[in-house]
$ cat structure.cif   # mmCIF, C-alpha atoms
data_upload
#
loop_
_atom_site.group_PDB
_atom_site.id
_atom_site.type_symbol
_atom_site.label_atom_id
_atom_site.label_comp_id
_atom_site.auth_asym_id
_atom_site.auth_seq_id
_atom_site.Cartn_x
_atom_site.Cartn_y
_atom_site.Cartn_z
ATOM 1 C CA MET A 1 57.462 47.005 -18.818
ATOM 2 C CA SER A 2 54.489 47.179 -21.164
ATOM 3 C CA ILE A 3 54.861 43.478 -21.880
ATOM 4 C CA GLU A 4 54.750 42.681 -18.169
ATOM 5 C CA TRP A 5 51.700 44.929 -17.782
ATOM 6 C CA THR A 6 50.001 43.188 -20.674
ATOM 7 C CA ASP A 7 50.787 39.768 -19.215
ATOM 8 C CA THR A 8 49.503 40.837 -15.816
ATOM 9 C CA THR A 9 46.340 42.244 -17.336
ATOM 10 C CA SER A 10 45.744 39.101 -19.331
ATOM 11 C CA ALA A 11 46.272 36.953 -16.271
ATOM 12 C CA ALA A 12 43.888 39.077 -14.231
ATOM 13 C CA ALA A 13 41.318 38.973 -16.985
ATOM 14 C CA ALA A 14 41.631 35.212 -17.198
ATOM 15 C CA THR A 15 41.238 34.926 -13.441
ATOM 16 C CA LEU A 16 38.160 37.123 -13.457
ATOM 17 C CA SER A 17 36.752 35.164 -16.343
ATOM 18 C CA ALA A 18 37.294 31.906 -14.459
ATOM 19 C CA ILE A 19 35.680 33.369 -11.358
ATOM 20 C CA ALA A 20 32.725 34.577 -13.395
ATOM 21 C CA ALA A 21 32.366 31.182 -15.029
ATOM 22 C CA GLY A 22 32.552 29.491 -11.649
ATOM 23 C CA GLY A 23 29.973 31.870 -10.276
ATOM 24 C CA ALA A 24 27.666 31.199 -13.203
ATOM 25 C CA TRP A 25 28.083 27.447 -12.737
ATOM 26 C CA TRP A 26 27.372 27.732 -9.017
ATOM 27 C CA ALA A 27 24.311 29.884 -9.666
ATOM 28 C CA ALA A 28 23.033 27.424 -12.252
ATOM 29 C CA THR A 29 23.626 24.510 -9.896
ATOM 30 C CA ARG A 30 21.780 26.267 -7.082
ATOM 31 C CA SER A 31 18.950 27.169 -9.437
ATOM 32 C CA ALA A 32 18.625 23.563 -10.622
ATOM 33 C CA ALA A 33 18.646 22.320 -7.016
ATOM 34 C CA ALA A 34 16.009 24.877 -6.037
ATOM 35 C CA THR A 35 13.847 23.894 -9.008
ATOM 36 C CA LYS A 36 14.177 20.223 -8.099
ATOM 37 C CA ALA A 37 13.274 20.908 -4.468
ATOM 38 C CA LEU A 38 10.276 23.008 -5.517
ATOM 39 C CA THR A 39 9.095 20.268 -7.873
ATOM 40 C CA ARG A 40 9.370 17.707 -5.081
ATOM 41 C CA ILE A 41 7.397 19.942 -2.714
ATOM 42 C CA GLU A 42 4.695 20.471 -5.334
ATOM 43 C CA ASP A 43 4.522 16.729 -6.037
ATOM 44 C CA GLU A 44 4.178 15.994 -2.322
ATOM 45 C CA ARG A 45 1.448 18.620 -1.991
ATOM 46 C CA TRP A 46 -0.365 17.223 -5.048
ATOM 47 C CA LYS A 47 -0.117 13.736 -3.570
ATOM 48 C CA ALA A 48 -1.314 14.789 -0.110
ATOM 49 C CA ASP A 49 -4.238 16.791 -1.495
ATOM 50 C CA ARG A 50 -5.377 13.799 -3.543
ATOM 51 C CA THR A 51 -4.997 10.982 -1.019
ATOM 52 C CA PRO A 52 -7.688 8.459 -2.025
ATOM 53 C CA GLN A 53 -10.739 8.242 0.216
ATOM 54 C CA PHE A 54 -12.671 4.984 0.502
ATOM 55 C CA ASP A 55 -15.868 3.691 2.037
ATOM 56 C CA LEU A 56 -15.404 0.038 3.019
ATOM 57 C CA GLU A 57 -18.130 -2.261 4.257
ATOM 58 C CA LEU A 58 -18.207 -5.999 4.904
ATOM 59 C CA ILE A 59 -21.590 -7.604 4.185
ATOM 60 C CA GLU A 60 -22.083 -11.151 5.487
ATOM 61 C CA THR A 61 -23.986 -13.444 3.133
ATOM 62 C CA GLY A 62 -24.131 -16.593 5.289
ATOM 63 C CA ASN A 63 -22.156 -19.808 5.719
ATOM 64 C CA GLY A 64 -18.987 -17.924 6.506
ATOM 65 C CA GLN A 65 -19.139 -15.978 3.241
ATOM 66 C CA ALA A 66 -19.117 -12.186 2.844
ATOM 67 C CA LEU A 67 -18.787 -9.388 0.324
ATOM 68 C CA LEU A 68 -16.400 -6.488 0.694
ATOM 69 C CA GLN A 69 -18.038 -3.361 -0.707
ATOM 70 C CA LEU A 70 -15.420 -0.787 -1.744
ATOM 71 C CA HIS A 71 -16.317 2.701 -2.949
ATOM 72 C CA LEU A 72 -13.839 5.383 -4.036
ATOM 73 C CA THR A 73 -15.471 8.512 -2.630
ATOM 74 C CA GLY A 74 -12.841 11.119 -3.440
ATOM 75 C CA PRO A 75 -11.343 13.558 -3.501
ATOM 76 C CA ASP A 76 -12.981 14.861 -6.667
ATOM 77 C CA SER A 77 -9.671 16.306 -7.901
ATOM 78 C CA LEU A 78 -8.175 12.786 -7.961
ATOM 79 C CA GLU A 79 -10.629 11.836 -10.766
ATOM 80 C CA ARG A 80 -9.463 8.218 -10.986
ATOM 81 C CA LEU A 81 -6.942 5.618 -9.867
ATOM 82 C CA ASP A 82 -5.025 3.679 -12.496
ATOM 83 C CA SER A 83 -4.545 0.733 -10.175
ATOM 84 C CA ILE A 84 -5.758 -0.432 -6.762
ATOM 85 C CA THR A 85 -4.285 -3.480 -5.055
ATOM 86 C CA ILE A 86 -5.994 -4.821 -1.920
ATOM 87 C CA LYS A 87 -4.265 -7.243 0.415
ATOM 88 C CA VAL A 88 -5.602 -8.700 3.651
ATOM 89 C CA GLY A 89 -3.125 -8.254 6.483
ATOM 90 C CA ASP A 90 -2.015 -10.522 9.312
ATOM 91 C CA ASP A 91 -2.340 -10.100 13.059
ATOM 92 C CA ASP A 92 0.614 -9.042 15.189
ATOM 93 C CA ARG A 93 1.968 -12.438 16.175
ATOM 94 C CA ASN A 94 5.693 -12.884 15.579
ATOM 95 C CA LEU A 95 6.384 -15.992 13.508
ATOM 96 C CA SER A 96 10.086 -15.354 12.937
ATOM 97 C CA GLY A 97 11.120 -17.894 15.570
ATOM 98 C CA VAL A 98 8.393 -20.458 14.841
ATOM 99 C CA THR A 99 9.531 -23.762 13.362
ATOM 100 C CA PRO A 100 7.036 -25.170 10.817
ATOM 101 C CA ALA A 101 5.390 -28.449 11.799
ATOM 102 C CA PRO A 102 6.709 -31.592 10.102
ATOM 103 C CA GLY A 103 5.568 -31.719 6.489
ATOM 104 C CA PHE A 104 5.178 -27.942 6.248
ATOM 105 C CA THR A 105 7.492 -25.101 5.256
ATOM 106 C CA ARG A 106 8.186 -21.500 6.143
ATOM 107 C CA ALA A 107 6.309 -20.530 2.965
ATOM 108 C CA ASP A 108 3.209 -22.285 4.332
ATOM 109 C CA LEU A 109 3.339 -20.071 7.427
ATOM 110 C CA ASP A 110 4.059 -16.898 5.442
ATOM 111 C CA ASN A 111 1.302 -17.510 2.881
ATOM 112 C CA PHE A 112 -1.325 -18.384 5.491
ATOM 113 C CA VAL A 113 -3.725 -15.544 6.357
ATOM 114 C CA TRP A 114 -3.424 -14.963 10.106
ATOM 115 C CA GLY A 115 -6.721 -13.172 10.526
ATOM 116 C CA PRO A 116 -10.489 -13.761 10.620
ATOM 117 C CA PHE A 117 -11.212 -13.249 6.897
ATOM 118 C CA LYS A 118 -9.475 -13.773 3.575
ATOM 119 C CA PHE A 119 -10.469 -13.172 -0.039
ATOM 120 C CA THR A 120 -12.095 -16.066 -1.888
ATOM 121 C CA HIS A 121 -9.714 -17.921 -4.169
ATOM 122 C CA GLY A 122 -10.649 -17.528 -7.844
ATOM 123 C CA ALA A 123 -13.122 -14.690 -7.384
ATOM 124 C CA ASN A 124 -11.824 -11.443 -8.934
ATOM 125 C CA GLU A 125 -8.650 -13.359 -9.836
ATOM 126 C CA THR A 126 -7.772 -13.764 -6.177
ATOM 127 C CA ASP A 127 -4.568 -15.703 -5.524
ATOM 128 C CA GLU A 128 -4.670 -19.221 -4.125
ATOM 129 C CA HIS A 129 -3.838 -18.060 -0.601
ATOM 130 C CA GLY A 130 -6.674 -15.529 -0.441
ATOM 131 C CA ARG A 131 -4.413 -12.526 0.076
ATOM 132 C CA GLY A 132 -6.168 -10.344 -2.452
ATOM 133 C CA PRO A 133 -7.758 -9.898 -5.888
ATOM 134 C CA ALA A 134 -5.984 -8.774 -9.049
ATOM 135 C CA PRO A 135 -5.235 -5.013 -9.302
ATOM 136 C CA PHE A 136 -8.032 -2.951 -10.827
ATOM 137 C CA PRO A 137 -8.700 0.694 -11.863
ATOM 138 C CA LEU A 138 -11.501 2.816 -10.458
ATOM 139 C CA ASP A 139 -13.018 6.246 -11.079
ATOM 140 C CA VAL A 140 -13.968 8.540 -8.227
ATOM 141 C CA GLY A 141 -17.613 7.958 -7.348
ATOM 142 C CA THR A 142 -17.608 4.285 -8.359
ATOM 143 C CA GLY A 143 -16.968 1.045 -6.523
ATOM 144 C CA SER A 144 -16.642 -2.698 -6.699
ATOM 145 C CA ARG A 145 -17.359 -5.789 -4.608
ATOM 146 C CA PHE A 146 -15.088 -8.658 -3.658
ATOM 147 C CA ALA A 147 -15.881 -12.086 -2.248
ATOM 148 C CA MET A 148 -14.419 -12.906 1.151
ATOM 149 C CA GLN A 149 -14.753 -15.803 3.555
ATOM 150 C CA ARG A 150 -13.830 -16.705 7.091
ATOM 151 C CA THR A 151 -10.453 -18.351 7.525
ATOM 152 C CA HIS A 152 -10.017 -21.845 8.933
ATOM 153 C CA PRO A 153 -7.254 -23.227 11.142
ATOM 154 C CA GLY A 154 -4.070 -24.094 9.280
ATOM 155 C CA PRO A 155 -3.745 -27.772 8.335
ATOM 156 C CA TRP A 156 -0.871 -28.070 10.833
ATOM 157 C CA MET A 157 -3.099 -26.899 13.726
ATOM 158 C CA THR A 158 -4.046 -30.386 14.827
ATOM 159 C CA GLY A 159 -7.189 -30.478 16.952
ATOM 160 C CA ARG A 160 -7.955 -26.764 16.531
ATOM 161 C CA THR A 161 -11.655 -26.293 15.777
ATOM 162 C CA GLN A 162 -13.116 -23.571 13.597
ATOM 163 C CA GLY A 163 -14.848 -22.087 16.632
ATOM 164 C CA ALA A 164 -11.618 -21.975 18.636
ATOM 165 C CA TRP A 165 -9.721 -20.449 15.731
ATOM 166 C CA GLN A 166 -12.295 -17.744 15.045
ATOM 167 C CA GLY A 167 -12.571 -17.173 18.779
ATOM 168 C CA GLU A 168 -8.999 -15.855 18.721
ATOM 169 C CA TYR A 169 -10.216 -12.931 16.600
ATOM 170 C CA VAL A 170 -13.318 -11.895 18.508
ATOM 171 C CA GLY A 171 -13.171 -8.137 18.863
ATOM 172 C CA LYS A 172 -10.166 -7.899 16.577
ATOM 173 C CA PRO A 173 -10.386 -6.127 13.195
ATOM 174 C CA ILE A 174 -9.996 -7.317 9.628
ATOM 175 C CA ARG A 175 -6.866 -5.617 8.357
ATOM 176 C CA LEU A 176 -6.535 -4.396 4.799
ATOM 177 C CA VAL A 177 -3.715 -2.638 2.953
ATOM 178 C CA LEU A 178 -4.635 -0.722 -0.208
ATOM 179 C CA THR A 179 -1.896 0.275 -2.636
ATOM 180 C CA CYS A 180 -3.174 2.931 -5.022
ATOM 181 C CA ARG A 181 -1.462 4.355 -8.106
ATOM 182 C CA ARG A 182 -2.196 7.337 -10.328
ATOM 183 C CA GLY A 183 0.537 8.072 -12.859
ATOM 184 C CA LYS A 184 3.830 8.191 -10.967
ATOM 185 C CA MET A 185 2.091 8.740 -7.624
ATOM 186 C CA LYS A 186 1.609 5.917 -5.132
ATOM 187 C CA TRP A 187 -0.362 5.744 -1.879
ATOM 188 C CA THR A 188 -0.238 2.886 0.642
ATOM 189 C CA LEU A 189 -3.239 3.003 2.968
ATOM 190 C CA ALA A 190 -3.882 0.769 5.985
ATOM 191 C CA ARG A 191 -7.542 0.302 6.841
ATOM 192 C CA GLN A 192 -9.484 -1.832 9.329
ATOM 193 C CA LEU A 193 -12.954 -3.338 9.245
ATOM 194 C CA GLU A 194 -14.981 -4.528 12.193
ATOM 195 C CA ASN A 195 -14.973 -8.317 12.450
ATOM 196 C CA PRO A 196 -18.605 -9.552 12.692
ATOM 197 C CA LEU A 197 -19.337 -11.852 15.601
ATOM 198 C CA PHE A 198 -18.685 -15.448 14.599
ATOM 199 C CA ASP A 199 -21.702 -17.762 14.641
ATOM 200 C CA ALA A 200 -20.508 -21.336 15.153
ATOM 201 C CA GLY A 201 -23.790 -22.592 13.718
ATOM 202 C CA THR A 202 -23.042 -21.202 10.219
#

$ encode --input "structure.cif" --output "structure tokens"
Amino acid sequence: MSIEWTDTTSAAAATLSAIAAGGAWWAATRSAAATKALTRIEDERWKADRTPQFDLELIETGNGQALLQLHLTGPDSLERLDSITIKVGDDDRNLSGVTPAPGFTRADLDNFVWGPFKFTHGANETDEHGRGPAPFPLDVGTGSRFAMQRTHPGPWMTGRTQGAWQGEYVGKPIRLVLTCRRGKMKWTLARQLENPLFDAGT
């Protein structure tokens, strides 16, 4: 009888030990999950509180040329951005079903800037299509300038004049997308600039 009692006691102790171990594992798992969730919430709050703020201004310089003045105004707690990438965006036309003209490719349509302004090729290491300059860092309270120019009709737009092409964008904005990075944080900001009235004589 004492042997059976000892066996029963040992079995019960083992069961309780297993339950305790399971409870400790579950508690640790919940604690780790809670810590992870709290860290994510804090990261999101940090990111939201430090969303970059910009002043953007387009200054025409004549002959279809312009300068984009960009100034990182805040917030002060952001201190700096490690990298800013600016890209000029397209209008809302749907090109998915458009067949490229003979001698041209889908890449020609995709690379073309469908908007009133593009960045000037070569200036600030801008790509050949005029989408945007090379990424650059910036401290809060400082800025930079980038050369831009009015777009022209695509080479496949036979008979389309510069005036007719720019006329399609009268009253429509210049679209920009800024991708900003600070450490592991990333912000993607869509901004619009007023499109100056096109002067066909320039």

$ closest_residue --input "structure.cif" --among "A:Asp110, A:Val140, A:Gly89, A:Leu70" --to "Glu57 of chain A" --atoms "only C-alpha atoms"
A:Leu70

$ closest_residue --input "structure.cif" --among "A:Ser96, A:Thr105, A:Ser144, A:Ser31" --to "Leu56 of chain A" --atoms "all atoms listed in the file"
A:Ser144

$ residues_around --input "structure.cif" --residues "Thr151 of chain A" --least-positions-apart "6" --cutoff "10 Å" --atoms "only C-alpha atoms" --output "number ranges by chain"
A: 64-65, 112-120, 130, 162, 165-166

$ closest_atom_pairs --input "structure.cif" --of "segment 72-104 of chain A" --to "segment 184-191 of chain A" --cutoff "12 Å" --atoms "only C-alpha atoms" --output "tab-separated table"
residue	atom	partner	partner_atom	distance
A:Leu78	CA	A:Met185	CA	11.0
A:Leu81	CA	A:Lys186	CA	9.8
A:Asp82	CA	A:Met185	CA	10.0
A:Ser83	CA	A:Lys186	CA	9.5
A:Ile84	CA	A:Trp187	CA	9.5
A:Thr85	CA	A:Thr188	CA	9.5
A:Ile86	CA	A:Leu189	CA	9.6
A:Lys87	CA	A:Ala190	CA	9.8
A:Val88	CA	A:Arg191	CA	9.7
A:Gly89	CA	A:Ala190	CA	9.1
A:Asp90	CA	A:Ala190	CA	11.9

$ resolve_selection --input "structure.cif" --expression "the PyMOL selection byres ((chain A and resi 54) around 8)" --output "list in words"
Pro52, Gln53, Asp55, Leu56, Leu70, His71, Leu72, Thr73 and Gly74 of chain A

$ write_last_selection --input "structure.cif" --atoms "C-alpha atoms" --output "mmCIF file, in the frame of the given file"
data_model
loop_
_atom_site.group_PDB
_atom_site.id
_atom_site.type_symbol
_atom_site.label_atom_id
_atom_site.label_comp_id
_atom_site.auth_asym_id
_atom_site.auth_seq_id
_atom_site.Cartn_x
_atom_site.Cartn_y
_atom_site.Cartn_z
ATOM 1 C CA PRO A 52 -7.688 8.459 -2.025
ATOM 2 C CA GLN A 53 -10.739 8.242 0.216
ATOM 3 C CA ASP A 55 -15.868 3.691 2.037
ATOM 4 C CA LEU A 56 -15.404 0.038 3.019
ATOM 5 C CA LEU A 70 -15.420 -0.787 -1.744
ATOM 6 C CA HIS A 71 -16.317 2.701 -2.949
ATOM 7 C CA LEU A 72 -13.839 5.383 -4.036
ATOM 8 C CA THR A 73 -15.471 8.512 -2.630
ATOM 9 C CA GLY A 74 -12.841 11.119 -3.440
#

$ residues_around --input "structure.cif" --residues "Leu68 of chain A" --least-positions-apart "3" --cutoff "8 Å" --atoms "all atoms listed in the file" --output "PDB file with C-alpha atoms, in the coordinates of the input"
ATOM      1  CA  LEU A  56     -15.404   0.038   3.019  1.00  0.00           C
ATOM      2  CA  GLU A  57     -18.130  -2.261   4.257  1.00  0.00           C
ATOM      3  CA  LEU A  58     -18.207  -5.999   4.904  1.00  0.00           C
ATOM      4  CA  ILE A  59     -21.590  -7.604   4.185  1.00  0.00           C
ATOM      5  CA  ARG A 145     -17.359  -5.789  -4.608  1.00  0.00           C
ATOM      6  CA  PHE A 146     -15.088  -8.658  -3.658  1.00  0.00           C
ATOM      7  CA  ALA A 147     -15.881 -12.086  -2.248  1.00  0.00           C
ATOM      8  CA  MET A 148     -14.419 -12.906   1.151  1.00  0.00           C
TER       9      MET A 148
END

$ closest_residue --input "structure.cif" --among "A:Ala164, A:Ser77, A:Pro135, A:Trp156" --to "Ala48 of chain A" --atoms "all atoms listed in the file"
A:Ser77

$ atom_distance --input "structure.cif" --atom1 "atom CA of Gln149 of chain A" --atom2 "atom CA of Ala66 of chain A"
5.7 Å

$ residues_around --input "structure.cif" --residues "Lys172 of chain A" --least-positions-apart "2" --cutoff "9 Å" --atoms "all atoms listed in the file" --output "PDB file with C-alpha atoms, keeping the file's coordinate frame"
ATOM      1  CA  ASP A  91      -2.340 -10.100  13.059  1.00  0.00           C
ATOM      2  CA  GLY A 115      -6.721 -13.172  10.526  1.00  0.00           C
ATOM      3  CA  PRO A 116     -10.489 -13.761  10.620  1.00  0.00           C
ATOM      4  CA  GLU A 168      -8.999 -15.855  18.721  1.00  0.00           C
ATOM      5  CA  TYR A 169     -10.216 -12.931  16.600  1.00  0.00           C
ATOM      6  CA  VAL A 170     -13.318 -11.895  18.508  1.00  0.00           C
ATOM      7  CA  ILE A 174      -9.996  -7.317   9.628  1.00  0.00           C
ATOM      8  CA  GLU A 194     -14.981  -4.528  12.193  1.00  0.00           C
ATOM      9  CA  ASN A 195     -14.973  -8.317  12.450  1.00  0.00           C
TER      10      ASN A 195
END

$ closest_residue --input "structure.cif" --among "A:Ala34, A:Leu67, A:Ile41, A:Leu138" --to "Glu79 of chain A" --atoms "all atoms listed in the file"
A:Leu138

$ closest_residue --input "structure.cif" --among "A:Pro75, A:Gly103, A:Gly167, A:Pro196" --to "Thr61 of chain A" --atoms "all atoms listed in the file"
A:Pro196

$ atom_distance --input "structure.cif" --atom1 "atom CA of Val177 of chain A" --atom2 "atom CA of Asp127 of chain A"
15.6 Å

$ axis_aligned_box --input "structure.cif" --around "segment 177-190 of chain A" --padding-each-side "4 Å" --output "lines of an AutoDock Vina configuration file"
center_x = -0.4
center_y = 3.1
center_z = -3.4
size_x = 16.5
size_y = 19.4
size_z = 26.8

$ atom_distance --input "structure.cif" --atom1 "atom CA of Met157 of chain A" --atom2 "atom CA of Ala101 of chain A"
8.8 Å

$ closest_residue --input "structure.cif" --among "A:Asp76, A:Gly23, A:Asn124, A:Pro173" --to "Thr51 of chain A" --atoms "all atoms listed in the file"
A:Asp76

$ residues_around --input "structure.cif" --residues "Pro155 of chain A" --least-positions-apart "4" --cutoff "10 Å" --atoms "only C-alpha atoms" --output "PDB file with C-alpha atoms, keeping the file's coordinate frame"
ATOM      1  CA  ALA A 101       5.390 -28.449  11.799  1.00  0.00           C
ATOM      2  CA  PHE A 104       5.178 -27.942   6.248  1.00  0.00           C
ATOM      3  CA  ASP A 108       3.209 -22.285   4.332  1.00  0.00           C
ATOM      4  CA  GLY A 159      -7.189 -30.478  16.952  1.00  0.00           C
ATOM      5  CA  ARG A 160      -7.955 -26.764  16.531  1.00  0.00           C
TER       6      ARG A 160
END
